[in-house]
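A short write-up of the structure that comes next.
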Amino acid sequence: MSGYLIIRNLTVRLRSGPVILRSVSLNVAAGQVHGLVGESGAGKSMIGKAVLGTLPRALQITGGEIWLDGVDLLSLSAAERRRRIGATAALIPQDPLTALNPSKRIGPQITRRLIDILGWTKQAAEARALELLDEVQIPNAARVMRSYPHELSGGMRQRILIASAFAAEPKLIIADEPTTALDVTVQKQILRLIAQMQARHGTALLFVTHDLGVVSKVCDTLSVLYAGKVVEEARMQRFFMRPIHSYSRALLSATPSYEDPLGSLTPVSDTVIEEVEAEVRWHDARAGT
Amino acid sequence: MRDARGDIRRPIGLRLWLSGGWLTLLALGALFTPWIAPKDPLMQDLFLGRMPPFWVQGAEPGYLLGTDSLGRDVLSRILYGTRLALIVALVAGTLTCVIGATLGLIAGYYRGWPDRIISRFVDIWMAFPPVLFAILLIAVLGPGLISIIIAIVVIDWTRFARVIRAEAMTQGAMDYVASAQVAGRTRFGTMLTEILPNVLPTIVALLTLEMGIAVIVEAILSFVNLSISTDSPTWGGMIAEGRTSVHQAWWVLVFPLITLFLTVLSFSQLGEGLKDRFDPVLR
Amino acid sequence: MMYQVRDLRLSFPDLTRKPLLGAAPRTPVLKGISFDLPKGAVLGIVGGSGSGKSTLGRAMLRLLEPDSGTIAFDGTDITHQTEDQLRGMRQRFQMIFQDPMSSLNPRRRVGGIIAGPLKLYGFDGLTARVNEALDMVGLPRSFARRFPHELSGGQRQRVGIARAIALRPDFILADEIVSGLDVSSQAQVLNLLGKLVGELGLTLGFISHDLSVIRRLCDRVLVLHHGEVVEQGDTDALFAAPQAAYTRELLASIPLPDPDQPWD
Amino acid sequence: MTLLRNILIRLLTTLVTLIGVAVIVFVVIRVVPGNPIAMMLPPGATEADIARLQTQYGFDKSIFEQFVIWLGGVMQGDFGTSISLRQPVAGLVLGRLPATLELSIFALSIAIVIGGTMALLGTRYRDTKTEGAVDISAGMALSIPDFLWGLVLILLFGVLWPVFHISGRISPALNIDFNTNFYFFEALVRLRFDVLADLIGHMFMPALALAIPLAAIIAQLLKQSLKETMHLDYVTLARTKGYGENHVITREALPNAILPTLTLVGVQFTFLIGGTVIIERLFSYEGLGNMAIDAVINRDLPLIQGIVILFALLFTIVNLVVDMLYVVLNPRLRHA
C-alpha cells in the first residue's frame with residue numbers, strides 16, 4: 001500500500017456513451033495533499049465524486065479500481081460502500097452557503113453522523129464537535145452549535161464544514177473547490193486552516209481546484225486534467241519550474257500574475273489544443289472506444 | 001450536471017400531434033355541422049326516447065350514439081354544441097389573455113404604483129370563489145353567448161395577470177434588460193422587445209389552457225342552467241341532463257363527457273407542447 | 001476628463017426593516033466616492049464582495065440614481081438626468097456584463113443582439129456593421145445566426161464586447177467580465193479588450209476582484225472597501241508601494257502560481 | 001418585531017380585500033334585473049305588498065345607504081334575513097359551513113397523501129420510468145378540472161361499479177342526533193363508526209374529484225422542489241457521511257423542499273374550496289356552495305352577500321394560516 005487513496009484506470013462515462021474520465025490513475029498518501037487541476041469540463045470534480053459515490057445519475061463508472069484504506073470500493077455492495085466511505089472519507093464542499101442544511105442547527109449537523117453512522121454516544125459526539133470548533137478557531141463554540149446556518153458568515157460556515165469533515169478522523173478528505181466562492185482575504189485564512197488541520201491530523205487530502213495559484217500554496221503533488229485524461233502528474237516544485245506537457249505550460253502562461261505584469265499573457269493556443277486532443281483520441285483508440 | 005441531465009428530453013411530438021389532431025377534427029366538425037349532423041338537434045320524438053348507441057341491442061338505425069329522453073339525436077347535439085364551445089374558447093380565451101397578460105406585464109415590469117393597484121385587484125378577485133362569481137355574473141347579465149364570454153373574462157383575467165407578473169419580474173431582473181437600457185431603449189420599448197418575447201411561451205401555454213377552461217366554464221354554466229338558452233344544444237346542458245338519467249341512459253352523459261374531456265385535455269397539452277417548441281433554448 | 005465623480009453617495013432601502021408606516025431605512029452602499037478618469041485611460045476598480053464596486057459601475061452608467069454627489073461624463077452632469085435626457089448620450093457609454101448568459105437575450109440571435117442598439121440609433125448598413133464587430137472580436141461572421149446558448153462562455157462574452165463596441169462608444173464599463181471564464185478564455189478576452197482599447201481609443205472602466213487581472217490591463221486603480229475609496233493611483237506605483245492597510249492585505253492574500261512565494 | 005409588523009400588515013390588507021369583495025358583490029347583485037321581492041310573493045300580491053316588503057328589506061334606499069346599513073349590521077353579527085328561506089343569513093350560512101369545511105379538509109388530506117407520495121416516488125426513482133409515469137399522470141390530472149373529474153367518478157364508481165354514494169351528505173335513514181353540524185368530527189369523537197363510514201361513503205367521491213387536480217399540483221411542485229434540493233451541497237455531504245437515499249430524501253431534502261411548495265399549495269387550497277361550489281351541486285351535497293347556487297337562482301340578495309363574504313373570509317384565513325406555517329417551518333424567519 002503506497003497510499004490511502006489509490007485510483008487505478010478509473011473510467012467514467014455518461015450512460016448515453018461519451019467518456020468523462022479516461023483511465024485516471026493517482027495516489028494520495030497519508031499526510032499528503034494532491035491537487036487536481038483543469039479547466040471546467042476537464043472532469044476534475046468527477047474524480048472526487050466517483051470516490052465518494054456521489055456521481056450524478058447520468059454518469060457511471062465503467063472500469064478501474066478505487067482503493068481506499070486498503071479496500072477496493074468498487075468491489076463492495078452499494079450499502080457497504082456507503083458505510084465504508086462514511087467511516088473513512090469526508091468532503092469539504094465548494095459553496096459554504098448551500099452546504100449546510102438551512103433547517104437544522106449547526107450542532108446536529110456535525111454530531112448526527114457520529115451518532116447515527118459510527119455509533120458514538122450523544123455526549124461523546126457533542127464533546128468532539130466542541131473540540132473541533134475550537135480547533136478551527138470559532139469563538140463561542142457552544143453558542144454556534146445552537147445557531148442556524150443563516151446566522152453565520154460565509155467564512156464561519158466554511159470553518160464549520162472543515163471541522164465537520166475532520167470530526168470522525170477520516171483517512172481521506174476531498175476538498176472540491178473549497179474557496180472559490182470566498183473573497184481572497186478569506187480564502188487565504190481558509191486555505192491555511194485546511195493545510196494546518198491536514199498536517200495535524202495526518203490526513204490524505206485530494207484538493208480539486210481550477211486555480212494554479214491555490215494549488216501552489218497547499219499541494220505536494222498534482223495532476224493536470226484535460227478532457228478527463230491526466231496529461232501530467234508532478235511534484236509541486238518541479239511542475240512550476242519545469243512543466244513537461246505543452247498543455248501544462250500553456251495553462252501556466254495563461255494565468256495572470258501581478259508580479260509579472262509585462263510577461264505576455266498567452267491564451268492556450270490552438271496548436272496545444274490540437275496536440276492534447278490528438279493524445280486523447282489516441283488514448284481512446286487504444287482503449288477501444 | 002445540468003447538461004448531463006439535459007439530454008433526457010421529453011417526447012413532445014406525439015402530444016402535439018394528438019391534441020392538435022383532435023382540435024382540428026373539432027374545428028372541422030364545427031364548421032360543417034349542418035352538413036355532417038345526421039339529424040336536427042332539436043327534433044323531438046317521444047317514441048324514440050333513450051335509444052342506446054348503435055352497438056347496443058335495441059338501437060335505432062340512424063341514431064349512431066343513441067337519443068336522449070326526448071328522443072333527440074345525441075351525435076347531432078354534440079356537433080351543434082361544438083360550435084358554441086369553440087366560439088367561447090376562442091373569443092373568451094383570447095380576450096382574457098390579452099387583458100390579463102397586459103396587466104400582468106405592466107405590473108411585473110413597471111412595478112411601483114401600477115403594480116400596487118393591479119395586485120390589490122388580483123387579491124380581491126382571488127377572494128371570490130370563481131364558479132360562484134361566474135354564476136352571479138350570468139344571473140346579472142342574463143343568459144346568452146356575450147354574457148358567458150364577459151363572465152369568463154371577468155373571472156379569469158387574474159390567472160394571466162398573476163403568472164405573467166411573476167414571469168415579467170424575473171425577466172426584468174436579468175442583465176439583458178439592463179443592457180437594453182444601456183443601449184438607450186425606452187422602458188416601454190424594452191418591455192415590448194425584450195420582456196414580451198421571453199414571456200410569450202408562457203402566454204401561449206396559458207392561452208390554450210384558458211381556452212380549455214372557457215369550455216369548462218361554459219359547461220358548468222349550462223349545467224346549472226344558466227348558459228345560452230334552454231333550446232340550443234350545449235355540452236354542459238347535455239351533461240346536466242345525462243347526470244339526472246345516468247342510471248337509465250348512460251350514453252346521454254358519456255358521449256358529451258368524453259368530448260369535453262378530450263377537448264380540455266387537448267387544449268392544455270397543446271399549450272405545453274407549443275411552449276416547448278417555442279423555446280429556442282430547449283429546441 | 002471622461003468622468004469626474006465627486007462625493008458620490010448611494011444607498012438601498014432595507015425592506016426587511018421597513019416600519020409599518022413611512023419609508024424603509026436605507027443601507028449606504030457608496031459612502032462618498034471621488035475620482036477622475038482621464039480620456040483614454042483604463043481604470044481598474046477592485047474590491048471584495050460588498051465593497052460597492054458593481055454599484056459604482058451601475059451608477060456611472062446611470063442604471064442607478066445616486067442619492068447625492070455628482071457624476072460628470074465628458075463635462076456633462078448626468079447625476080440626476082432623467083432617462084429621456086440620457087437617451088441621446090447612452091450611445092457614448094456602454095457596458096459589458098459579468099454573466100453573458102443573462103445579459104444576452106436568450107430568444108435573439110447573435111446578429112440581432114448586436115444590431116438591436118445600432119438600429120435604435122439609426123445606424124445604416126447594419127449587416128456590415130455587425131460583421132465588422134464580429135471580426136473585431138474575432139468571431140466568425142456565421143455566428144450572427146446563432147443563439148447565445150449555442151456558444152461557449154468565452155464566445156458569449158465576446159458577443160457582449162461586440163455589442164458594446166459596435167456603437168462606437170467613448171467609454172465602456174466591463175463588470176467582472178472574466179470572473180466566470182476559464183483561464184484560457186480569460187486570457188483571450190483580456191488580450192482582446194487590451195487590443196480594442198488601443199485601436200478604438202476607448203476609455204475603459206474595469207471592475208474586478210482579481211488584482212492580477214487588473215495589473216495586466218489597467219493604468220490606474222481604485223481600491224474600494226465597504227463603499228469607500230481606500231486607495232487610488234497609478235497602477236505601477238500602487239503595486240510597488242501600497243499605502244492603505246487593506247490594499248496590502250489584499251495583495252498579500254493573492255496566491256501566485258509559484259510555490260516559492262512567501263505567503264505569510 | 002418584524003413578525004408583528006408583518007401580521008399587522010396582513011390583517012390590514014385582509015380587511016381591505018374583504019371590504020373590496022363586499023363592495024363588488026353589493027354593486028353587482030343590485031344591478032340584477034328582476035325584482036327579488038316580486039319573485040317571493042304569491043301571484044296576485046298587490047303593489048302595496050311589494051312596496052311594504054321593499055321597505056322592510058331596505059331595497060328602496062340608494063346602494064350606498066344600503067351598504068352602510070348592511071355594514072352596520074355586519075359589525076353586530078347581523079347579516080340580514082334570507083328572502084327565500086326567511087331566516088337569518090348568519091344562522092343559515094353557519095349551519096352549512098361545517099359540511100363544506102369537512103369536505104374541503106377531507107379533500108386536502110387526500111391530495112396531500114396522493115401528491116406527496118407521488119412526489120417522493122418520483123424523486124426516489126428519478127430518471128426512471130417511475131418518474132415518467134408520475135410526470136405524465138400528474139400532467140393529465142392537472143389538465144382536467146374538478147368538475148370533469150366529478151363526472152368521471154360518478155360514471156366509474158356510481159354507475160359502472162357502484163361502490164360509493166353519488167348524492168347527498170348522509171343517508172337519511174341513519175339516526176343521528178348530533179349537537180353540531182360537524183358530523184365527521186363529532187362521529188369521530190363519539191366513536192360512531194357507522195356514521196363515519198356512511199359519511200365517508202358520501203364524501204369520498206366529491207372529495208376525490210376536488211383532490212385530484214390539487215394532488216397533481218403538489219406532486220409536480222414538491223417533486224420539482226425536491227429535485228432542486230437534491231442537487232445542493234448539503235445533500236451530497238449527507239451522502240458522503242454514509243446516509244442512504246431514503247434518509248437523504250426524507251430527512252435532508254424534504255424539510256427544505258416543503259417550504260417553496262407550501263405557499264403555492266395554500267393558494268391552490270383556496271381554489272379547491274372555491275371548487276366545492278360546483279362539486280357540491282354535482283353530488284347534491286348539502287353545503288355552502290349548493291346553497292349559494294340556489295341563492296343566486298332565487299335572487300336571494302342577503303344570502304348571496306353572506307355566502308360570498310364567508311368564502312372570502314375563509315380564503316383569507318387559509319392564506320393567513322399558510323403564512324404562519326411558513327414562518328413556523330422556516331428557521332430564517334422564526335429567529336428573525
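Lettering and numbering for the C-alpha cells are positional, with chains as A, B, ... in the shown order, residues counted from 1 in each chain, and ligands counted from 1 in the shown order.
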
Practice task
Identify, with DSSP run on backbone atoms, the residues in stretch 29-87 of chain C assigned to strand (DSSP E), and express the list as a PyMOL selection string.
Solution key: chain C and resi 29-37+42-46+68-73+76-77

Mind listing as a PDB file with C-alpha atoms, in the first residue's frame which residues of chain C are within 7 Å of chain B, counting only C-alpha atoms?
```pdb
ATOM      1  CA  ARG C  87     -31.183  58.727 -24.151  1.00  0.00           C
ATOM      2  CA  ARG C  90     -26.372  56.500 -23.906  1.00  0.00           C
ATOM      3  CA  GLN C  91     -24.684  55.534 -27.131  1.00  0.00           C
ATOM      4  CA  GLN C  94     -21.677  51.186 -22.903  1.00  0.00           C
ATOM      5  CA  MET C  95     -21.381  48.202 -20.618  1.00  0.00           C
ATOM      6  CA  SER C 102     -28.248  36.520 -18.559  1.00  0.00           C
ATOM      7  CA  SER C 103     -27.107  39.653 -20.381  1.00  0.00           C
ATOM      8  CA  LEU C 104     -27.789  38.239 -23.844  1.00  0.00           C
ATOM      9  CA  ASN C 105     -31.491  37.827 -24.572  1.00  0.00           C
ATOM     10  CA  ARG C 107     -34.544  34.495 -27.639  1.00  0.00           C
ATOM     11  CA  PRO C 117     -28.803  49.001 -30.295  1.00  0.00           C
ATOM     12  CA  HIS C 149     -26.926  29.177 -25.701  1.00  0.00           C
TER      13      HIS C 149
END
```

Practice task
Could you give me, as a list in words, the residues within 9 Å of A:Val276, counting only C-alpha atoms and dropping anything in the same chain fewer than 2 positions from it?
Solution key: Tyr226, Val231, Ser246, Tyr247, Thr271, Val272, Ile273, Glu274, Ala278, Glu279, Val280 and Arg281 of chain A

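Checking A:Arg159, A:Lys122, A:Arg249, A:His201 one by one against A:Gln137, counting only C-alpha atoms, you find the shortest gap at A:Arg159.
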
With the cut-off set at 9 Å and counting only C-alpha atoms, tabulate each residue of chain A with an atom at most that distance from an atom of chain B, showing the nearest atom pair and its distance in Å to one decimal, ordered by chain and increasing number, as CSV.
```
residue,atom,partner,partner_atom,distance
A:Leu14,CA,B:Ala4,CA,7.6
A:Ser16,CA,B:Asp7,CA,8.8
A:Pro56,CA,B:Met1,CA,6.7
A:Arg57,CA,B:Arg5,CA,8.2
A:Ala58,CA,B:Ala4,CA,6.2
A:Leu59,CA,B:Ala4,CA,8.0
```

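For the pair atom CA of D:Phe182 and atom CA of D:Leu303, the separation is 21.3 Å.
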
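Straight-line separation from atom CA of B:Leu23 to atom CA of B:Pro201: 19.8 Å.
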
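Once A:Lys171 and its same-chain neighbours fewer than 5 positions away are set aside, Tyr4, Leu5, Ala30, Leu68, Asp69, Ala87, Thr88, Ala89, Ala90, Gly202, Thr203, Ala204 and Leu205 of chain A remain within 9 Å of it when counting only C-alpha atoms.
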
Handout entry: helix (DSSP H, G or I) per DSSP on the backbone: members of stretch 59-238 of chain A, as number ranges by chain
Key = A: 73-75, 78-88, 106-116, 122-135, 141-145, 149-151, 154-166, 184-201, 212-218, 236-238

Practice task
Write out as a PyMOL selection string each polymer residue whose atoms come within 9 Å of D:Val16, counting only C-alpha atoms; drop sequence neighbours fewer than 5 positions from it.
Solution key: (chain B and resi 120+124) or (chain D and resi 11+21)

Practice task
Determine which residues of chain C sit within 6 Å of chain A, taking into account only C-alpha atoms, and present them as a list of chain:residue names.
Solution key: C:Gly48, C:Asp182, C:Val183, C:Ser184, C:Ala187, C:Gln188, C:Ser212, C:Arg215, C:Arg216, C:Ser253, C:Pro255, C:Leu256, C:Pro257, C:Asp258, C:Pro259

Problem - Residue contacts of D:Asp194 (12 Å, only C-alpha atoms) excluding same-chain residues fewer than 3 positions away, as an MDAnalysis selection string - result: chainID D and resid 170:171 173:176 183:184 187:188 190:191 197:201

Could the residues of chain B that have an atom at most 6 Å from chain D be listed as a tab-separated table, each with its closest atom pair and the distance in Å to one decimal, counting only C-alpha atoms and ordered by chain and ascending residue number?
```
residue	atom	partner	partner_atom	distance
B:Ile124	CA	D:Thr17	CA	5.0
B:Ala127	CA	D:Ala312	CA	4.6
B:Phe128	CA	D:Ala312	CA	5.9
B:Pro129	CA	D:Gly274	CA	4.2
B:Val140	CA	D:Val32	CA	4.6
B:Leu265	CA	D:Ser143	CA	5.7
B:Ser268	CA	D:Ser143	CA	5.8
```

Problem - Polymer residues at most 9 Å from D:Leu329, only C-alpha atoms, same-chain spacing of 4 or more positions, as an MDAnalysis selection string - result: (chainID A and resid 103) or (chainID D and resid 255:256 258:259 324:325 333:334)

Next, dump the selected residues to file, keeping only N, CA and C atoms, as a PDB file, in the first residue's frame.
```pdb
ATOM      1  N   SER A 103     -32.401  24.168   7.510  1.00  0.00           N
ATOM      2  CA  SER A 103     -33.453  23.984   8.513  1.00  0.00           C
ATOM      3  C   SER A 103     -32.956  23.268   9.765  1.00  0.00           C
TER       4      SER A 103
ATOM      5  N   PRO D 255     -37.574  18.509   4.350  1.00  0.00           N
ATOM      6  CA  PRO D 255     -37.938  19.668   5.176  1.00  0.00           C
ATOM      7  C   PRO D 255     -37.692  21.001   4.471  1.00  0.00           C
ATOM      8  N   ASN D 256     -36.676  21.043   3.607  1.00  0.00           N
ATOM      9  CA  ASN D 256     -36.399  22.295   2.908  1.00  0.00           C
ATOM     10  C   ASN D 256     -37.213  22.432   1.635  1.00  0.00           C
ATOM     11  N   ILE D 258     -40.295  21.439   1.250  1.00  0.00           N
ATOM     12  CA  ILE D 258     -41.707  21.712   1.530  1.00  0.00           C
ATOM     13  C   ILE D 258     -41.997  23.212   1.479  1.00  0.00           C
ATOM     14  N   LEU D 259     -41.041  24.018   1.949  1.00  0.00           N
ATOM     15  CA  LEU D 259     -41.315  25.452   2.077  1.00  0.00           C
ATOM     16  C   LEU D 259     -41.784  26.125   0.786  1.00  0.00           C
ATOM     17  N   MET D 324     -48.431  31.716   8.372  1.00  0.00           N
ATOM     18  CA  MET D 324     -47.927  31.422   9.707  1.00  0.00           C
ATOM     19  C   MET D 324     -47.136  30.120   9.701  1.00  0.00           C
ATOM     20  N   LEU D 325     -47.665  29.114   8.983  1.00  0.00           N
ATOM     21  CA  LEU D 325     -46.949  27.847   8.863  1.00  0.00           C
ATOM     22  C   LEU D 325     -45.574  28.068   8.253  1.00  0.00           C
ATOM     23  N   LEU D 333     -37.010  32.786   9.360  1.00  0.00           N
ATOM     24  CA  LEU D 333     -37.988  33.768   9.810  1.00  0.00           C
ATOM     25  C   LEU D 333     -38.295  33.604  11.287  1.00  0.00           C
ATOM     26  N   ARG D 334     -38.253  32.335  11.731  1.00  0.00           N
ATOM     27  CA  ARG D 334     -38.593  32.066  13.119  1.00  0.00           C
ATOM     28  C   ARG D 334     -37.676  32.829  14.065  1.00  0.00           C
TER      29      ARG D 334
END
```

Practice task
Kindly give the distance, in Å, that separates atom CA of B:Asp156 and atom CA of B:Tyr110, rounded to a single decimal.
Solution key: 22.2 Å

Residues of chain D that have any atom at most 6 Å from an atom of chain A: could you tabulate them with the shortest-distance atom pair and the distance in Å to one decimal, using only C-alpha atoms, ordered by chain and increasing number, as CSV?
```
residue,atom,partner,partner_atom,distance
D:Asp233,CA,A:Ala99,CA,4.4
D:Tyr234,CA,A:Ala99,CA,4.0
D:Thr240,CA,A:Gly86,CA,5.6
D:Lys241,CA,A:Gly86,CA,4.2
D:Gly242,CA,A:Gly86,CA,4.0
D:Pro331,CA,A:Ser103,CA,5.9
```

Convert the current residue selection to file output with N, CA and C atoms, as a compact mmCIF listing (two decimals), in the first residue's frame.
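Heads up, here's the output in out-v9.txt:
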```txt
# COMPACT_ATOMS: atom_id res chain seq x y z
N ASP D 233 -25.36 21.15 -2.04
CA ASP D 233 -24.19 20.52 -1.43
C ASP D 233 -24.50 19.79 -0.13
N TYR D 234 -25.47 20.28 0.65
CA TYR D 234 -25.66 19.61 1.95
C TYR D 234 -26.24 18.22 1.77
N THR D 240 -22.09 11.54 1.53
CA THR D 240 -20.72 11.13 1.81
C THR D 240 -20.55 10.73 3.28
N LYS D 241 -21.50 11.16 4.10
CA LYS D 241 -21.39 10.78 5.51
C LYS D 241 -21.88 9.36 5.73
N GLY D 242 -22.44 8.74 4.71
CA GLY D 242 -22.84 7.34 4.82
C GLY D 242 -24.34 7.14 4.91
N PRO D 331 -36.65 28.37 9.70
CA PRO D 331 -35.83 28.89 10.81
C PRO D 331 -35.34 30.31 10.56
```

Per-residue nearest contacts of chain D to chain C (9 Å; only C-alpha atoms) as a tab-separated table:
```
residue	atom	partner	partner_atom	distance
D:Thr2	CA	C:Arg17	CA	7.1
D:Arg5	CA	C:Leu20	CA	6.3
D:Asn6	CA	C:Leu20	CA	8.4
D:Leu8	CA	C:Leu20	CA	8.1
D:Ile9	CA	C:Leu20	CA	7.2
```

Exercise for the section: Compare C:Ile78, C:Ala245, C:Leu15, C:Ile96 by their minimum atom-to-atom distance to C:Ala164, counting only C-alpha atoms, and give me the closest one. Expected result: C:Ile96
